[in-house]
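Q: Just passing along the structure, written as C-alpha cells.
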Protein chains: 2
Amino acid sequence: MPSTHKSRTNQLQHQLEVLNDAMQSGTFASVAHMLNGLKPEDVAHLLESSPPRMRHIIWQLVEPENQGKIVQYLSEDVQGQILEQMDVQEVVAATEGLESDDVADMLQQLPNRIIQEVLLSMGQQDRKRVEEVISYDEDSAGGLMSTDLITVRASVTLDVVLRFIRRHEELPPATDSIFIVNRKDQFVGVLPLSRLLVSDPNTTVREIMTTDIETITVDMNAADVALLFERYDWVSAPVVAESGKLLGRITIDDVVDVIREDAEHNMLGMAGLSDDEDTFSPVSKTFPRRAVWLGVNLLTAIMASLVIKLFEGTIEKVVALAVLMPIVASMGGVAGSQTLTVVIRGIALRQIGKNNFGWLLNREVVVGFLNGAVWAVVVAAAAALLYGDMTLALIIASAMILNLVMAGLVGTLLPIGLKRMNIDPALAGSVILTTFTDIAGFFAFLGLATWFYQ
Amino acid sequence: MPSTHKSRTNQLQHQLEVLNDAMQSGTFASVAHMLNGLKPEDVAHLLESSPPRMRHIIWQLVEPENQGKIVQYLSEDVQGQILEQMDVQEVVAATEGLESDDVADMLQQLPNRIIQEVLLSMGQQDRKRVEEVISYDEDSAGGLMSTDLITVRASVTLDVVLRFIRRHEELPPATDSIFIVNRKDQFVGVLPLSRLLVSDPNTTVREIMTTDIETITVDMNAADVALLFERYDWVSAPVVAESGKLLGRITIDDVVDVIREDAEHNMLGMAGLSDDEDTFSPVSKTFPRRAVWLGVNLLTAIMASLVIKLFEGTIEKVVALAVLMPIVASMGGVAGSQTLTVVIRGIALRQIGKNNFGWLLNREVVVGFLNGAVWAVVVAAAAALLYGDMTLALIIASAMILNLVMAGLVGTLLPIGLKRMNIDPALAGSVILTTFTDIAGFFAFLGLATWFYQ
C-alpha cells in the first residue's frame, strides 16, 4: 500500500536531518543513495529548503542523469543559481525529455550567449520547438504553451480517433482533450477524452466536439490566462494565432505556477521583494536587494521629517505633540493599507472598472470617515487623560478623521492611477501611500495645533 | 470560429455598462435576455464585480433554473449574501446536479438550522453524499473531496474497463484517471485515461496501473493537499481513510481555489483583512471589519507614544529629536516587514524547519546590520546637514543600526514562534512586529539622546 502523507512529511524532515548530519560528519555515500532514490520533485523541494552550502553539497551528490528532471521543478531564482554552475553539455543533457515550455523557462535563466550555445547543441526538431516558445514573452500565453499536442479533423469517426491515439506510445502530460483543426490548421473545437470514452465509436468528431470555448490568443497576458483557467475549471486549453491557427496548448500545472506567483507577487511586492525570491539566498544577494527598498523608504521618511521640521516652534511649546503625532500617522498608514490591499486585489481579479470605481471610492471615503470618527473619540480620551488638555484632544481627533478620509481616498485612487500609467501598484503602491498618510497626518495634526496654540 | 479573448473582455466590460445604463433607465427586459445567455461563470464574475444594489438587480433578472449553477462559482462572502435571500426550496433546487463538495461549500455559508432543512429536502443519495463531505473540516482533504468517482479492480482487462466506462452517460468533471481498489475497497493504484487509451486492450489493469503515488488522507490540511498537487502536477488525486479505504477524490479546480485563497490570505491577512473579503461589500460590513484591526493598531500606537512620553524632557531640550525620530521607527518597520514576509512565505511553502532556521536567523541579522550601517551613514549626513550637530548624527546612526538588527531578529523569530503557538503569523505578525520596531526605535534613539545630552 502506498505511504500516507503524514509519514512522507516526516520522511522529508528526516531526510533534511540526515543531510545535516552527513554534512557534519562527511558520510556522503549513503546520503547520495537516498537522494537518488527520491522523486525529482522531492529533491527540488530539499534544494529549495536548504541554505547555499548544503544546497551545493546536495547538488554534487545528485547523479547527472537525474539533474535535468530536478531543475525543471525549481523556482526561477534557484534554477538560475544551479544552472550557472553547469556547462553547456550538462544543460543540454538536462533538457532532454522535457516539454518545450519547461525547457524555454530553464533557458531564460541563462545568459543569451549560453542560450544560443545550448540551442545549437540540441536536435533540430527540439530546437525549433523551443525557439518558437522562447520567442514569446515569458509572461504571455506563448511563453506558457507547449507545442506538443494531438489534433484530429472534425469529419473522422471516434473509432478512427481511438485507433490514431493508440498509435502513440504515450500522450503528452495532462492531456484531457484532443483538439480539432480544419485543413488550414485553424482551431475548430475540442474533444474531451472523457466524452470520447463514453460515446458511440461510430459517431463523428463533429457531432460531439465542443466549439463554444474561449480560445487563448498567443499574446494574451499570463495573468488573464490564469483567470480563464480558474473561471472555467480547465485542465488544458488551446492557444491560437491571430489567424486562428492552432499553435499549442497550455496545461493547468503551468497555470498553477502563474497563480501562485501572481498572488505571491502582490504579497512580496508590498514589502519591495521580488516574487521569485529564494528563501535561502545568501547575504551577498539579499543585502543589496533589500537595500534599494529601504533607501526609497528612507527618502520618504526624510520628507515626512521635513514636514515635522516646519512645526518645530509649535512642538517646542507643546511637547505633547511630539508624543502623540506618531499615532495619527500610524492609523492613516494602516487604514490606507487596508484600502490599498482590497483595491490591488480587485484589480488583479479584473473586478474594478469605470462602472463601479465611483461606488468603491465613495465607500472607502465613508468607511475612512466612520473609522476616523470612532477612533478619534478613543484617541481624544487618551490625550485628555494623559495631558488634561481638551484643545489637544480636539486637535488629535480632527487630525485623525482627516487622515483616515485621506487614506481612503489615496488608497483607492493611487493603485488605479498607477495601473493606468502601467506602474505595478503592488510594488510602488504601499511606499507612496504611507508617504502620503505620514505627511498628511503630520500636517493635519501639527498644522491644527499651530493654529490653535499660536 | 470561436471568439478570441480580447473581444470577450471588452464584451464583459460592455455588459457591465449595459447593466449600468439599464439600471438608470429601467429597461430590464433586454438585460435579462443578455444575462441568461451568458455562461454561469461569467454571470458570477459580473456579480462579483458589482456593488450591492446592482448585484441585487442582476440576481433578480437571472432565471431561477440558472441560479444554482451561478452560485457555485461565487466566492464565499458573496455566496453567503446571495443564499441569505433564497428560501429553502430555492437552495435545494440550486444544488441539483452539482458535485457533493460544491454543495457542501454552499451549505456551509448558511445557518445550521437552514442546512438541516435543505438536507432533509434533498434526495436520499445526494443527502448522504453531502452529509459525508460536510462532516469534514472545510479546510481538510475531506472538505475538498467529491465522492463521485469511478473505480475498477486490478484483475480486469482494459477491454472490460473500456466497456464499463462506456456504460456511463458522462464521466465526473476533471476525470483524468480511474482508481483501482481491492475487495475491501482499499485504494490500490490509479490508471490514467491517457495510458488506458494507448495500451493494448488485452492487458490487465494490474500490469499498467501506477501504485507509486502519495495518497491523501482525509484529515490532511487543505494547504498540504495544494502543495502536493503543485509539486506533482496532479489533475486529480484519491483521498483515503486511515484504514486505506478509498473515500473520494480531489480535483485540481478545487485545489486552484485553495492556492488562490492561501496566497491571498497571506497578503490580505497582513492588512487585517479576511481572505474571502468581498471587494464590493457594503459600508455596514466593511466598517466594523476594518475597525477591529484599526483598534488593535491604535492600542499599539498608544504604547509607542507612552515610550516617547518617557523622554519628554529630552525632546523639550532638543526638538530635533521629535523631527528625526519617525525615521528610525519607519526604517525598522520596513526592514522588519521584509524579513517577516520572506519567513511567512517560507513557512507556507514548508521550507523552514529546525535544520535551516539558525542559518536564516543569522542571515537576517547580518543583512539587518549591513543595511542599518549603510543607511545610518545617509541618515547621519542628513541630520548633520539639517542641524549641524555631530552628536545627533552619531545618535541617529547608532539607533538605526540597533533597530534594523532588532527588526531582522524579531522578523524571523516572531512568525516561527507564532506558528508554534498555532497563531496565524500572516494575521498577527505584522502588527506585533511594527509595535516592536516602533518601540525599539524610539527607545534606542531617545534613550541614546538622553544619555548623550543630559
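Lettering and numbering for the C-alpha cells are positional, with chains as A, B, ... in the shown order, residues counted from 1 in each chain, and ligands counted from 1 in the shown order.
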Near Ile395 in chain A, within 8 Å and counting only C-alpha atoms, which residues show up once chain neighbours fewer than 4 positions away are dropped, as a count of residues only?
A: 5
Q: Could you pull out all residues of range 129-346 of chain A with a DSSP call of strand (DSSP E or B) and give them as a ChimeraX atom specification?
A: /A:140,146,151-152,157,177-181,186-192,204,210,215-217,221,236-240,245-251
Q: Taking the chain letters and numbering used in this document, name the residues of range 101-139 of chain A that DSSP puts in helix (DSSP H, G or I), as a PyMOL selection string.
A: chain A and resi 101-107+112-121+124-134
Q: Take the residues that were just selected and, keeping N, CA, C and O atoms, output them as a tab-separated table (two decimals), in the first residue's frame.
A:
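Wrote it out as result-v2.tsv, contents follow:
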```tsv
chain	number	residue	atom	x	y	z
A	101	ASP	N	7.93	24.13	-23.22
A	101	ASP	CA	7.75	25.32	-22.39
A	101	ASP	C	8.65	25.27	-21.15
A	101	ASP	O	9.16	26.29	-20.70
A	102	ASP	N	8.87	24.06	-20.61
A	102	ASP	CA	9.74	23.94	-19.44
A	102	ASP	C	11.20	24.21	-19.83
A	102	ASP	O	11.95	24.84	-19.08
A	103	VAL	N	11.60	23.72	-21.01
A	103	VAL	CA	12.96	23.99	-21.47
A	103	VAL	C	13.15	25.50	-21.67
A	103	VAL	O	14.16	26.08	-21.25
A	104	ALA	N	12.15	26.14	-22.28
A	104	ALA	CA	12.25	27.58	-22.51
A	104	ALA	C	12.39	28.33	-21.19
A	104	ALA	O	13.21	29.24	-21.06
A	105	ASP	N	11.62	27.92	-20.17
A	105	ASP	CA	11.72	28.56	-18.86
A	105	ASP	C	13.13	28.42	-18.31
A	105	ASP	O	13.70	29.37	-17.75
A	106	MET	N	13.70	27.21	-18.43
A	106	MET	CA	15.04	26.96	-17.91
A	106	MET	C	16.07	27.86	-18.61
A	106	MET	O	16.87	28.51	-17.98
A	107	LEU	N	15.99	27.85	-19.96
A	107	LEU	CA	16.98	28.59	-20.72
A	107	LEU	C	16.93	30.08	-20.41
A	107	LEU	O	17.95	30.76	-20.40
A	112	ASN	N	22.32	35.18	-22.61
A	112	ASN	CA	21.98	34.99	-24.02
A	112	ASN	C	22.97	34.12	-24.80
A	112	ASN	O	22.58	33.27	-25.59
A	113	ARG	N	24.25	34.34	-24.52
A	113	ARG	CA	25.31	33.61	-25.24
A	113	ARG	C	25.16	32.10	-25.01
A	113	ARG	O	25.23	31.29	-25.93
A	114	ILE	N	24.90	31.75	-23.74
A	114	ILE	CA	24.76	30.33	-23.40
A	114	ILE	C	23.49	29.74	-24.01
A	114	ILE	O	23.48	28.61	-24.49
A	115	ILE	N	22.41	30.54	-24.02
A	115	ILE	CA	21.16	30.06	-24.62
A	115	ILE	C	21.43	29.62	-26.06
A	115	ILE	O	21.02	28.54	-26.48
A	116	GLN	N	22.14	30.47	-26.82
A	116	GLN	CA	22.43	30.14	-28.22
A	116	GLN	C	23.22	28.84	-28.32
A	116	GLN	O	22.94	27.98	-29.15
A	117	GLU	N	24.24	28.72	-27.45
A	117	GLU	CA	25.06	27.50	-27.47
A	117	GLU	C	24.23	26.26	-27.19
A	117	GLU	O	24.38	25.23	-27.86
A	118	VAL	N	23.36	26.38	-26.18
A	118	VAL	CA	22.54	25.22	-25.83
A	118	VAL	C	21.61	24.86	-26.99
A	118	VAL	O	21.50	23.70	-27.37
A	119	LEU	N	20.99	25.88	-27.60
A	119	LEU	CA	20.07	25.63	-28.71
A	119	LEU	C	20.79	24.92	-29.86
A	119	LEU	O	20.26	23.98	-30.46
A	120	LEU	N	22.04	25.37	-30.14
A	120	LEU	CA	22.78	24.77	-31.25
A	120	LEU	C	23.14	23.32	-30.96
A	120	LEU	O	23.30	22.52	-31.89
A	121	SER	N	23.27	22.98	-29.69
A	121	SER	CA	23.64	21.60	-29.35
A	121	SER	C	22.44	20.67	-29.30
A	121	SER	O	22.60	19.46	-29.11
A	124	GLN	N	17.45	19.06	-34.08
A	124	GLN	CA	16.80	20.12	-34.86
A	124	GLN	C	15.33	20.31	-34.47
A	124	GLN	O	14.87	21.45	-34.30
A	125	GLN	N	14.61	19.19	-34.30
A	125	GLN	CA	13.18	19.31	-34.01
A	125	GLN	C	12.96	19.97	-32.64
A	125	GLN	O	12.14	20.88	-32.51
A	126	ASP	N	13.71	19.50	-31.64
A	126	ASP	CA	13.61	20.09	-30.31
A	126	ASP	C	13.95	21.57	-30.36
A	126	ASP	O	13.29	22.39	-29.74
A	127	ARG	N	15.02	21.90	-31.10
A	127	ARG	CA	15.45	23.29	-31.15
A	127	ARG	C	14.35	24.17	-31.71
A	127	ARG	O	14.03	25.23	-31.16
A	128	LYS	N	13.72	23.71	-32.82
A	128	LYS	CA	12.66	24.51	-33.43
A	128	LYS	C	11.53	24.78	-32.45
A	128	LYS	O	11.03	25.89	-32.33
A	129	ARG	N	11.15	23.73	-31.73
A	129	ARG	CA	10.05	23.88	-30.77
A	129	ARG	C	10.39	24.89	-29.68
A	129	ARG	O	9.59	25.75	-29.33
A	130	VAL	N	11.59	24.73	-29.12
A	130	VAL	CA	11.99	25.62	-28.02
A	130	VAL	C	12.14	27.04	-28.53
A	130	VAL	O	11.71	28.00	-27.87
A	131	GLU	N	12.73	27.19	-29.71
A	131	GLU	CA	12.91	28.54	-30.27
A	131	GLU	C	11.57	29.24	-30.45
A	131	GLU	O	11.44	30.43	-30.23
A	132	GLU	N	10.56	28.46	-30.85
A	132	GLU	CA	9.25	29.06	-31.03
A	132	GLU	C	8.71	29.60	-29.69
A	132	GLU	O	8.30	30.75	-29.59
A	133	VAL	N	8.77	28.74	-28.66
A	133	VAL	CA	8.23	29.16	-27.35
A	133	VAL	C	9.04	30.33	-26.78
A	133	VAL	O	8.49	31.28	-26.22
A	134	ILE	N	10.37	30.25	-26.95
A	134	ILE	CA	11.25	31.25	-26.34
A	134	ILE	C	11.07	32.61	-27.02
A	134	ILE	O	11.39	33.66	-26.45
```
Q: Could you give me, as a Markdown table, every range 50-90 of chain A residue with an atom at most 12 Å from range 231-243 of chain B, plus its closest atom pair and distance in Å to one decimal, counting only C-alpha atoms, rows ordered by chain then number?
A:
```
| residue | atom | partner | partner_atom | distance |
| --- | --- | --- | --- | --- |
| A:Ile70 | CA | B:Arg231 | CA | 11.4 |
| A:Gln72 | CA | B:Arg231 | CA | 11.2 |
| A:Tyr73 | CA | B:Arg231 | CA | 7.8 |
| A:Leu74 | CA | B:Arg231 | CA | 10.1 |
| A:Ser75 | CA | B:Arg231 | CA | 11.4 |
```
Q: Would you mind telling me which residue in A:Phe287, A:Tyr453, A:Phe164, A:Phe28 lies nearest to chain B when using only C-alpha atoms?
A: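 Of A:Phe287, A:Tyr453, A:Phe164, A:Phe28, the one nearest chain B, counting only C-alpha atoms, is A:Phe287.
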Q: Near His265 in chain A, counting only C-alpha atoms, which residues have an atom at most 8 Å away, once you skip same-chain residues fewer than 2 positions from it, shown as number ranges by chain?
A: A: 261-263, 267-269, 274-275, 426
Q: Which is closer to chain B than all the others in A:Leu273, A:Val410, A:Ile57, A:Ala373, using only C-alpha atoms?
A: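 Comparing A:Leu273, A:Val410, A:Ile57, A:Ala373 against chain B, the winner is A:Leu273.
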Q: Can you pull out every residue within 7 Å of Ile180 in chain A, counting only C-alpha atoms, but drop anything in the same chain fewer than 3 positions away, and send it as a PyMOL selection string?
A: chain A and resi 151-154+187-190
Q: Store the residues picked out above in a file with all heavy atoms, as a short mmCIF file (atom, residue, chain, number, x, y, z; two decimals), in the first residue's frame.
A:
```
data_model
loop_
_atom_site.label_atom_id
_atom_site.label_comp_id
_atom_site.auth_asym_id
_atom_site.auth_seq_id
_atom_site.Cartn_x
_atom_site.Cartn_y
_atom_site.Cartn_z
N THR A 151 -3.92 16.47 -32.58
CA THR A 151 -5.02 17.10 -33.32
C THR A 151 -5.65 16.09 -34.26
O THR A 151 -4.98 15.18 -34.75
CB THR A 151 -4.52 18.29 -34.16
OG1 THR A 151 -3.50 17.83 -35.05
CG2 THR A 151 -3.97 19.39 -33.29
N VAL A 152 -6.96 16.26 -34.50
CA VAL A 152 -7.67 15.43 -35.48
C VAL A 152 -8.59 16.34 -36.30
O VAL A 152 -8.77 17.51 -35.97
CB VAL A 152 -8.50 14.31 -34.81
CG1 VAL A 152 -7.61 13.32 -34.08
CG2 VAL A 152 -9.55 14.91 -33.87
N ARG A 153 -9.19 15.78 -37.35
CA ARG A 153 -10.16 16.50 -38.16
C ARG A 153 -11.58 16.21 -37.67
O ARG A 153 -11.84 15.13 -37.13
CB ARG A 153 -10.06 16.06 -39.64
CG ARG A 153 -8.79 16.49 -40.31
CD ARG A 153 -8.84 17.98 -40.66
NE ARG A 153 -7.51 18.46 -41.00
CZ ARG A 153 -6.94 18.27 -42.19
NH1 ARG A 153 -7.61 17.63 -43.14
NH2 ARG A 153 -5.73 18.70 -42.42
N ALA A 154 -12.49 17.14 -37.92
CA ALA A 154 -13.86 17.00 -37.42
C ALA A 154 -14.63 15.89 -38.13
O ALA A 154 -15.58 15.33 -37.59
CB ALA A 154 -14.60 18.32 -37.57
N PHE A 187 -7.96 26.31 -35.44
CA PHE A 187 -8.64 25.65 -34.34
C PHE A 187 -10.14 25.65 -34.57
O PHE A 187 -10.73 26.68 -34.90
CB PHE A 187 -8.31 26.38 -33.03
CG PHE A 187 -9.10 25.88 -31.87
CD1 PHE A 187 -8.81 24.64 -31.33
CD2 PHE A 187 -10.12 26.63 -31.33
CE1 PHE A 187 -9.55 24.16 -30.26
CE2 PHE A 187 -10.86 26.15 -30.26
CZ PHE A 187 -10.57 24.91 -29.73
N VAL A 188 -10.76 24.49 -34.37
CA VAL A 188 -12.20 24.37 -34.60
C VAL A 188 -12.95 24.00 -33.31
O VAL A 188 -14.03 24.50 -33.04
CB VAL A 188 -12.48 23.30 -35.68
CG1 VAL A 188 -13.98 23.05 -35.81
CG2 VAL A 188 -11.88 23.71 -37.01
N GLY A 189 -12.36 23.13 -32.49
CA GLY A 189 -13.04 22.70 -31.27
C GLY A 189 -12.21 21.72 -30.47
O GLY A 189 -11.09 21.40 -30.86
N VAL A 190 -12.76 21.28 -29.33
CA VAL A 190 -12.05 20.29 -28.51
C VAL A 190 -12.92 19.06 -28.32
O VAL A 190 -14.14 19.13 -28.34
CB VAL A 190 -11.67 20.84 -27.11
CG1 VAL A 190 -10.80 22.07 -27.22
CG2 VAL A 190 -12.91 21.12 -26.28
#
```
Q: Name all residues at most 9 Å from Asp77 in chain A (count only C-alpha atoms; drop same-chain ones fewer than 6 positions away) and give them as a list of chain:residue names.
A: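 Neighbouring residues, sequence-local ones excluded: A:Gln109, A:Asp276, A:Glu277, A:Asp278, A:Ser281.
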Q: Need to verify the contact set: Ser337 in chain B, 8 Å, only C-alpha atoms, exclusion of same-chain residues closer than 4 positions in sequence. Can you return it as a PyMOL selection string?
A: (chain A and resi 271) or (chain B and resi 333+341+411+430+433)
Q: Would you mind listing what lies within 7 Å of Ser177 in chain A as a PyMOL selection string, with only C-alpha atoms counted and same-chain residues fewer than 5 positions away left out?
A: chain A and resi 190-193
Q: Between CA of Val283 in chain A and CA of Phe443 in chain B, what is the distance in Å, rounded to a tenth?
A: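 Going from CA of Val283 in chain A over to CA of Phe443 in chain B, I get 27.9 Å.
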Q: Of the candidates A:Asp139, A:Glu90, A:Asp200, A:Glu96, which one gets nearest to chain B if we count only C-alpha atoms?
A: A:Asp200
Q: Could you jot down the CA of Ala428 in chain A to CA of Phe369 in chain B separation for me, Å, one decimal place?
A: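 Between CA of Ala428 in chain A and CA of Phe369 in chain B the gap works out to 25.0 Å.
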Q: In Å to one decimal, how far is CA of Ile344 in chain A from CA of Leu228 in chain B?
A: 28.6 Å
